[in-house]
Amino acid sequence: MRVLVVTAVAAERDAVAAAAGPCDETALPGGYALRRAAGPPDAAAGSPVALDVLAAGVGPAAAAAGTATALTAAALATMPYDLVVSAGIGGGFAASGAALGSVVVADAIVAADLGAETPDGFTPVTDLGFGTVAHRPDPALVKAVAAAAGAASGTIVTVSTVTGSAARAAELAERHPGVLAEAMEGFGVAEAAAAHGVPVLEIRTVSNAVGPRDRAAWRIGPALTALTGAFRTLPGALTAATGPAPAPAPDPHHP
């Protein structure tokens with residue numbers, strides 16, 4: 001099983017790659033550098049999963065562009081991906097139980113600010129008759145990955161502007177009941193994955209509380225460590241959820 005993991009920045013990419021083991025670097029069109037696990041998936045060890053990791057940039061547009069580039073390159077090389085994962089650190093909604101250092105897995109990947117402001121409040125773009133604002137990963141896959149990582153599952157919202165006030169945090173929580181976390185890339189990754197017909201997940205570790213901006217309270221180091229830990233559990237979870245990889249077909253020229 002081939003998995004593309006897309007992060008925003010190099011520190012997140014490196015945290016995920018640390019779970020994948022030794023990696024080689026492959027150049028993609030557009031100047032992207034893909035970290036690829038060295039060697040084939042180890043089916044004999046029960047982990048027939050290979051992780052490729054890409055730092056695509058900050059925000060949903062950069063995330064979509066990088067993801068689409070990697071998926072297209074893989075398809076043209078006849079090595080398509082089976083799953084795309086948006087990953088990194090993010091802000092947690094404490095009222096929903098997303099504590100600092102915890103892991104969250106999206107059961108809904110939602111564009112929180114794609115729409116229009118009206119006199120009656122925010123209107124999602126879908127209510128205007130366009131597009132979509134939500135992608136829903138496979139529930140069985142979400143359940144397996146969350147259980148393996150000791151994670152909570154729920155809505156993760158994608159924003160183009162990070163929340164920096166209590167008022168904005170309250171507004172998001174009201175519009176998305178039970179929302180666990182916010183980040184800036186998940187929806188862009190999901191849009192690109194959907195365009196290519198590839199399943200998607202979003203996995204985040206919580207580095208800060210959503211609300212008034214207080215850099216002194218951020219815990220980026222522990223969140224990155226937790227991200228590595230979460231991805232160490234991912235191959236086993238995917239294998240358990242999807243079953244073992246099929247045995248290779250016999251070579252008729254070498255009985």
# chains A, B, ... in the order shown; residues from 1 in each chain; ligands from 1
call {"tool": "select_by_dssp", "arguments": {"residues": "segment 16-121 of chain A", "states": "helix (DSSP H, G or I)", "output": "ChimeraX atom specification"}}
result
/A:16-20,29-31,43-45,60-76,94-96
call {"tool": "closest_atom_pairs", "arguments": {"of": "segment 156-242 of chain A", "to": "segment 137-141 of chain A", "cutoff": "9 Å", "atoms": "only C-alpha atoms", "output": "Markdown table"}}
result
| residue | atom | partner | partner_atom | distance |
| --- | --- | --- | --- | --- |
| A:Pro199 | CA | A:Pro137 | CA | 6.9 |
| A:Val200 | CA | A:Pro137 | CA | 5.9 |
| A:Leu201 | CA | A:Pro137 | CA | 5.9 |
| A:Glu202 | CA | A:Pro137 | CA | 8.4 |
| A:Ala237 | CA | A:Leu141 | CA | 8.1 |
| A:Leu238 | CA | A:Leu141 | CA | 7.2 |
| A:Ala241 | CA | A:Leu141 | CA | 6.0 |
| A:Thr242 | CA | A:Leu141 | CA | 8.1 |
call {"tool": "residues_around", "arguments": {"residues": "Ala192 of chain A", "least_positions_apart": "6", "cutoff": "12 Å", "atoms": "only C-alpha atoms", "output": "PDB file with C-alpha atoms, in the first residue's frame"}}
result
ATOM      1  CA  LEU A   4       1.228  10.002   0.341  1.00  0.00           C
ATOM      2  CA  VAL A   6       1.276  15.909   2.892  1.00  0.00           C
ATOM      3  CA  PRO A  60      -5.144  25.160   1.387  1.00  0.00           C
ATOM      4  CA  ALA A  61      -4.053  26.418  -2.044  1.00  0.00           C
ATOM      5  CA  ALA A  62      -0.422  25.357  -1.592  1.00  0.00           C
ATOM      6  CA  ALA A  63      -1.560  22.050  -0.100  1.00  0.00           C
ATOM      7  CA  ALA A  64      -3.848  21.328  -3.053  1.00  0.00           C
ATOM      8  CA  ALA A  65      -1.168  22.241  -5.603  1.00  0.00           C
ATOM      9  CA  GLY A  66       1.513  20.081  -3.982  1.00  0.00           C
ATOM     10  CA  THR A  67      -0.812  17.143  -3.474  1.00  0.00           C
ATOM     11  CA  ALA A  68      -2.049  17.271  -7.069  1.00  0.00           C
ATOM     12  CA  THR A  69       1.532  17.410  -8.345  1.00  0.00           C
ATOM     13  CA  ALA A  70       2.561  14.340  -6.353  1.00  0.00           C
ATOM     14  CA  LEU A  71      -0.555  12.381  -7.318  1.00  0.00           C
ATOM     15  CA  THR A  72      -0.125  13.216 -11.010  1.00  0.00           C
ATOM     16  CA  LEU A  83      -4.298   6.848   0.291  1.00  0.00           C
ATOM     17  CA  VAL A  84      -3.473  10.505   0.929  1.00  0.00           C
ATOM     18  CA  VAL A  85      -3.032  11.838   4.477  1.00  0.00           C
ATOM     19  CA  SER A  86      -2.981  15.503   5.435  1.00  0.00           C
ATOM     20  CA  HIS A 135     -14.949  15.697   2.779  1.00  0.00           C
ATOM     21  CA  GLU A 185      -4.221  22.482   4.756  1.00  0.00           C
ATOM     22  CA  GLY A 186      -6.614  19.552   5.193  1.00  0.00           C
ATOM     23  CA  VAL A 198      -7.912   8.631  -3.915  1.00  0.00           C
ATOM     24  CA  PRO A 199      -9.174   8.204  -0.307  1.00  0.00           C
ATOM     25  CA  VAL A 200      -8.062  10.794   2.228  1.00  0.00           C
TER      26      VAL A 200
END
call {"tool": "select_by_dssp", "arguments": {"residues": "segment 12-156 of chain A", "states": "strand (DSSP E)", "output": "ChimeraX atom specification"}}
result
/A:23-27,33-37,50-55,83-92,103-111,115-118,121-124,134-135,152-156
call {"tool": "residues_around", "arguments": {"residues": "Glu174 of chain A", "least_positions_apart": "6", "cutoff": "12 Å", "atoms": "only C-alpha atoms", "output": "list in words"}}
result
Phe93, Ala95, Ser96, Ala112, Gly121, Phe122, Ala167 and Arg168 of chain A
call {"tool": "closest_residue", "arguments": {"among": "A:Ala17, A:Val159, A:Val189, A:Ala74", "to": "Pro29 of chain A", "atoms": "only C-alpha atoms"}}
result
A:Ala74
call {"tool": "residues_around", "arguments": {"residues": "Ser102 of chain A", "least_positions_apart": "3", "cutoff": "10 Å", "atoms": "only C-alpha atoms", "output": "list of chain:residue names"}}
result
A:Ile89, A:Gly92, A:Gly97, A:Ala98, A:Ala99, A:Ala149, A:Gly150, A:Ala151, A:Ala152, A:Arg204, A:Thr205, A:Val206, A:Ser207, A:Pro222, A:Ala223, A:Ala226, A:Leu227, A:Ala230
call {"tool": "write_last_selection", "arguments": {"atoms": "N, CA and C atoms", "output": "PDB file, in the first residue's frame"}}
result
ATOM      1  N   ILE A  89       0.762  19.608  12.776  1.00  0.00           N
ATOM      2  CA  ILE A  89       0.288  20.097  14.062  1.00  0.00           C
ATOM      3  C   ILE A  89      -0.827  21.102  13.817  1.00  0.00           C
ATOM      4  N   GLY A  92      -6.106  23.051  18.925  1.00  0.00           N
ATOM      5  CA  GLY A  92      -7.159  22.205  19.459  1.00  0.00           C
ATOM      6  C   GLY A  92      -8.226  23.010  20.177  1.00  0.00           C
ATOM      7  N   GLY A  97     -12.201  18.648  24.149  1.00  0.00           N
ATOM      8  CA  GLY A  97     -11.296  17.650  24.706  1.00  0.00           C
ATOM      9  C   GLY A  97     -10.005  17.464  23.952  1.00  0.00           C
ATOM     10  N   ALA A  98      -9.680  18.375  23.037  1.00  0.00           N
ATOM     11  CA  ALA A  98      -8.435  18.265  22.280  1.00  0.00           C
ATOM     12  C   ALA A  98      -7.313  18.945  23.052  1.00  0.00           C
ATOM     13  N   ALA A  99      -6.719  18.223  23.977  1.00  0.00           N
ATOM     14  CA  ALA A  99      -5.690  18.780  24.853  1.00  0.00           C
ATOM     15  C   ALA A  99      -4.361  18.917  24.126  1.00  0.00           C
ATOM     16  N   ALA A 149      -3.780   5.017  17.301  1.00  0.00           N
ATOM     17  CA  ALA A 149      -2.994   6.170  17.759  1.00  0.00           C
ATOM     18  C   ALA A 149      -3.457   6.705  19.108  1.00  0.00           C
ATOM     19  N   GLY A 150      -4.511   6.114  19.677  1.00  0.00           N
ATOM     20  CA  GLY A 150      -5.071   6.657  20.908  1.00  0.00           C
ATOM     21  C   GLY A 150      -5.625   8.044  20.702  1.00  0.00           C
ATOM     22  N   ALA A 151      -6.260   8.252  19.545  1.00  0.00           N
ATOM     23  CA  ALA A 151      -6.706   9.585  19.138  1.00  0.00           C
ATOM     24  C   ALA A 151      -8.209   9.734  19.278  1.00  0.00           C
ATOM     25  N   ALA A 152      -8.641  10.984  19.396  1.00  0.00           N
ATOM     26  CA  ALA A 152     -10.055  11.313  19.263  1.00  0.00           C
ATOM     27  C   ALA A 152     -10.357  11.523  17.794  1.00  0.00           C
ATOM     28  N   ARG A 204      -3.847  15.124  12.958  1.00  0.00           N
ATOM     29  CA  ARG A 204      -3.205  16.295  13.562  1.00  0.00           C
ATOM     30  C   ARG A 204      -2.826  15.992  15.002  1.00  0.00           C
ATOM     31  N   THR A 205      -1.765  16.646  15.455  1.00  0.00           N
ATOM     32  CA  THR A 205      -1.450  16.669  16.877  1.00  0.00           C
ATOM     33  C   THR A 205      -1.553  18.111  17.348  1.00  0.00           C
ATOM     34  N   VAL A 206      -2.001  18.283  18.567  1.00  0.00           N
ATOM     35  CA  VAL A 206      -2.376  19.610  19.058  1.00  0.00           C
ATOM     36  C   VAL A 206      -1.185  20.312  19.700  1.00  0.00           C
ATOM     37  N   SER A 207      -0.828  21.463  19.132  1.00  0.00           N
ATOM     38  CA  SER A 207       0.311  22.241  19.637  1.00  0.00           C
ATOM     39  C   SER A 207      -0.121  23.445  20.453  1.00  0.00           C
ATOM     40  N   PRO A 222       6.593  19.004  21.689  1.00  0.00           N
ATOM     41  CA  PRO A 222       5.821  17.816  22.060  1.00  0.00           C
ATOM     42  C   PRO A 222       4.807  17.403  20.999  1.00  0.00           C
ATOM     43  N   ALA A 223       4.221  18.376  20.298  1.00  0.00           N
ATOM     44  CA  ALA A 223       3.251  18.037  19.248  1.00  0.00           C
ATOM     45  C   ALA A 223       3.931  17.320  18.086  1.00  0.00           C
ATOM     46  N   ALA A 226       4.623  13.823  19.188  1.00  0.00           N
ATOM     47  CA  ALA A 226       3.383  13.049  19.130  1.00  0.00           C
ATOM     48  C   ALA A 226       3.026  12.677  17.696  1.00  0.00           C
ATOM     49  N   LEU A 227       3.368  13.548  16.739  1.00  0.00           N
ATOM     50  CA  LEU A 227       3.094  13.262  15.335  1.00  0.00           C
ATOM     51  C   LEU A 227       3.906  12.053  14.873  1.00  0.00           C
ATOM     52  N   ALA A 230       2.244   8.990  16.316  1.00  0.00           N
ATOM     53  CA  ALA A 230       1.001   8.636  15.629  1.00  0.00           C
ATOM     54  C   ALA A 230       1.290   7.907  14.326  1.00  0.00           C
TER      55      ALA A 230
END
call {"tool": "atom_distance", "arguments": {"atom1": "atom CA of Leu128 of chain A", "atom2": "atom CA of Gly188 of chain A"}}
result
19.7 Å
call {"tool": "closest_residue", "arguments": {"among": "A:Ala8, A:Ala134, A:Ile156, A:Ala20", "to": "Glu191 of chain A", "atoms": "only C-alpha atoms"}}
result
A:Ala134
call {"tool": "closest_residue", "arguments": {"among": "A:Pro212, A:Thr161, A:Ser153, A:Trp218", "to": "Leu114 of chain A", "atoms": "only C-alpha atoms"}}
result
A:Thr161
call {"tool": "atom_distance", "arguments": {"atom1": "atom CA of Leu172 of chain A", "atom2": "atom CA of Gly88 of chain A"}}
result
20.3 Å
call {"tool": "decode", "arguments": {"residues": "segment 150-182 of chain A", "atoms": "N, CA, C and O atoms", "output": "CSV table (one decimal), in the first residue's frame"}}
result
chain,number,residue,atom,x,y,z
A,150,GLY,N,-4.5,6.1,19.7
A,150,GLY,CA,-5.1,6.7,20.9
A,150,GLY,C,-5.6,8.0,20.7
A,150,GLY,O,-5.5,8.9,21.6
A,151,ALA,N,-6.3,8.3,19.5
A,151,ALA,CA,-6.7,9.6,19.1
A,151,ALA,C,-8.2,9.7,19.3
A,151,ALA,O,-9.0,8.8,19.2
A,152,ALA,N,-8.6,11.0,19.4
A,152,ALA,CA,-10.1,11.3,19.3
A,152,ALA,C,-10.4,11.5,17.8
A,152,ALA,O,-9.5,11.9,17.0
A,153,SER,N,-11.6,11.3,17.4
A,153,SER,CA,-12.0,11.6,16.0
A,153,SER,C,-13.2,12.5,16.0
A,153,SER,O,-14.0,12.5,16.9
A,154,GLY,N,-13.2,13.4,15.0
A,154,GLY,CA,-14.2,14.4,14.9
A,154,GLY,C,-13.9,15.4,13.8
A,154,GLY,O,-12.9,15.1,13.0
A,155,THR,N,-14.5,16.5,13.8
A,155,THR,CA,-14.3,17.5,12.7
A,155,THR,C,-13.0,18.2,12.9
A,155,THR,O,-12.7,18.7,14.0
A,156,ILE,N,-12.3,18.4,11.8
A,156,ILE,CA,-11.1,19.3,11.8
A,156,ILE,C,-11.4,20.3,10.7
A,156,ILE,O,-11.7,19.9,9.5
A,157,VAL,N,-11.4,21.6,11.1
A,157,VAL,CA,-11.7,22.6,10.1
A,157,VAL,C,-10.4,23.2,9.5
A,157,VAL,O,-9.4,23.2,10.1
A,158,THR,N,-10.5,23.5,8.2
A,158,THR,CA,-9.4,24.2,7.5
A,158,THR,C,-9.7,25.7,7.4
A,158,THR,O,-10.8,26.1,7.0
A,159,VAL,N,-8.8,26.5,7.8
A,159,VAL,CA,-8.9,27.9,7.8
A,159,VAL,C,-7.8,28.5,7.0
A,159,VAL,O,-6.7,28.0,6.9
A,160,SER,N,-8.0,29.7,6.4
A,160,SER,CA,-7.0,30.4,5.7
A,160,SER,C,-6.3,31.4,6.7
A,160,SER,O,-5.2,31.9,6.4
A,161,THR,N,-7.0,31.8,7.8
A,161,THR,CA,-6.5,32.7,8.8
A,161,THR,C,-6.6,32.0,10.1
A,161,THR,O,-7.7,31.6,10.5
A,162,VAL,N,-5.5,31.8,10.8
A,162,VAL,CA,-5.5,31.1,12.1
A,162,VAL,C,-6.3,31.9,13.1
A,162,VAL,O,-6.1,33.1,13.2
A,163,THR,N,-7.1,31.2,13.9
A,163,THR,CA,-7.9,31.9,14.9
A,163,THR,C,-7.0,32.5,16.0
A,163,THR,O,-6.0,31.9,16.5
A,164,GLY,N,-7.3,33.8,16.3
A,164,GLY,CA,-6.5,34.5,17.3
A,164,GLY,C,-7.3,35.2,18.3
A,164,GLY,O,-6.7,36.0,19.0
A,165,SER,N,-8.6,34.9,18.4
A,165,SER,CA,-9.4,35.5,19.4
A,165,SER,C,-10.4,34.6,20.0
A,165,SER,O,-10.8,33.6,19.3
A,166,ALA,N,-10.9,34.9,21.2
A,166,ALA,CA,-11.9,34.0,21.8
A,166,ALA,C,-13.2,34.1,21.0
A,166,ALA,O,-14.0,33.1,20.9
A,167,ALA,N,-13.5,35.3,20.4
A,167,ALA,CA,-14.8,35.5,19.7
A,167,ALA,C,-14.8,34.6,18.4
A,167,ALA,O,-15.8,33.9,18.1
A,168,ARG,N,-13.7,34.6,17.7
A,168,ARG,CA,-13.6,33.8,16.5
A,168,ARG,C,-13.7,32.3,16.9
A,168,ARG,O,-14.3,31.5,16.2
A,169,ALA,N,-13.0,31.9,18.0
A,169,ALA,CA,-13.0,30.5,18.4
A,169,ALA,C,-14.5,30.1,18.7
A,169,ALA,O,-14.9,29.0,18.4
A,170,ALA,N,-15.2,30.9,19.4
A,170,ALA,CA,-16.6,30.6,19.8
A,170,ALA,C,-17.4,30.5,18.5
A,170,ALA,O,-18.3,29.7,18.5
A,171,GLU,N,-17.2,31.4,17.6
A,171,GLU,CA,-18.0,31.4,16.3
A,171,GLU,C,-17.8,30.0,15.6
A,171,GLU,O,-18.7,29.4,15.1
A,172,LEU,N,-16.5,29.6,15.5
A,172,LEU,CA,-16.2,28.3,14.8
A,172,LEU,C,-16.9,27.2,15.6
A,172,LEU,O,-17.4,26.2,14.9
A,173,ALA,N,-16.8,27.2,16.9
A,173,ALA,CA,-17.4,26.1,17.7
A,173,ALA,C,-18.9,26.1,17.5
A,173,ALA,O,-19.5,25.0,17.5
A,174,GLU,N,-19.5,27.2,17.4
A,174,GLU,CA,-20.9,27.3,17.2
A,174,GLU,C,-21.4,26.7,15.9
A,174,GLU,O,-22.4,26.0,15.8
A,175,ARG,N,-20.6,27.1,14.8
A,175,ARG,CA,-21.0,26.6,13.5
A,175,ARG,C,-20.6,25.2,13.2
A,175,ARG,O,-21.2,24.5,12.4
A,176,HIS,N,-19.7,24.7,14.0
A,176,HIS,CA,-19.2,23.3,13.8
A,176,HIS,C,-19.2,22.6,15.2
A,176,HIS,O,-18.2,22.4,15.8
A,177,PRO,N,-20.4,22.2,15.7
A,177,PRO,CA,-20.5,21.6,17.0
A,177,PRO,C,-19.5,20.4,17.2
A,177,PRO,O,-19.5,19.5,16.3
A,178,GLY,N,-18.8,20.4,18.3
A,178,GLY,CA,-17.9,19.3,18.6
A,178,GLY,C,-16.6,19.3,17.8
A,178,GLY,O,-15.8,18.4,17.9
A,179,VAL,N,-16.3,20.4,17.1
A,179,VAL,CA,-15.1,20.5,16.3
A,179,VAL,C,-13.9,20.3,17.2
A,179,VAL,O,-13.8,20.8,18.4
A,180,LEU,N,-12.9,19.5,16.8
A,180,LEU,CA,-11.8,19.2,17.6
A,180,LEU,C,-10.5,20.1,17.3
A,180,LEU,O,-9.8,20.4,18.3
A,181,ALA,N,-10.3,20.4,16.1
A,181,ALA,CA,-9.1,21.1,15.8
A,181,ALA,C,-9.2,22.0,14.5
A,181,ALA,O,-10.2,21.8,13.7
A,182,GLU,N,-8.3,22.9,14.4
A,182,GLU,CA,-8.2,23.7,13.2
A,182,GLU,C,-6.8,23.6,12.6
A,182,GLU,O,-5.8,23.5,13.4
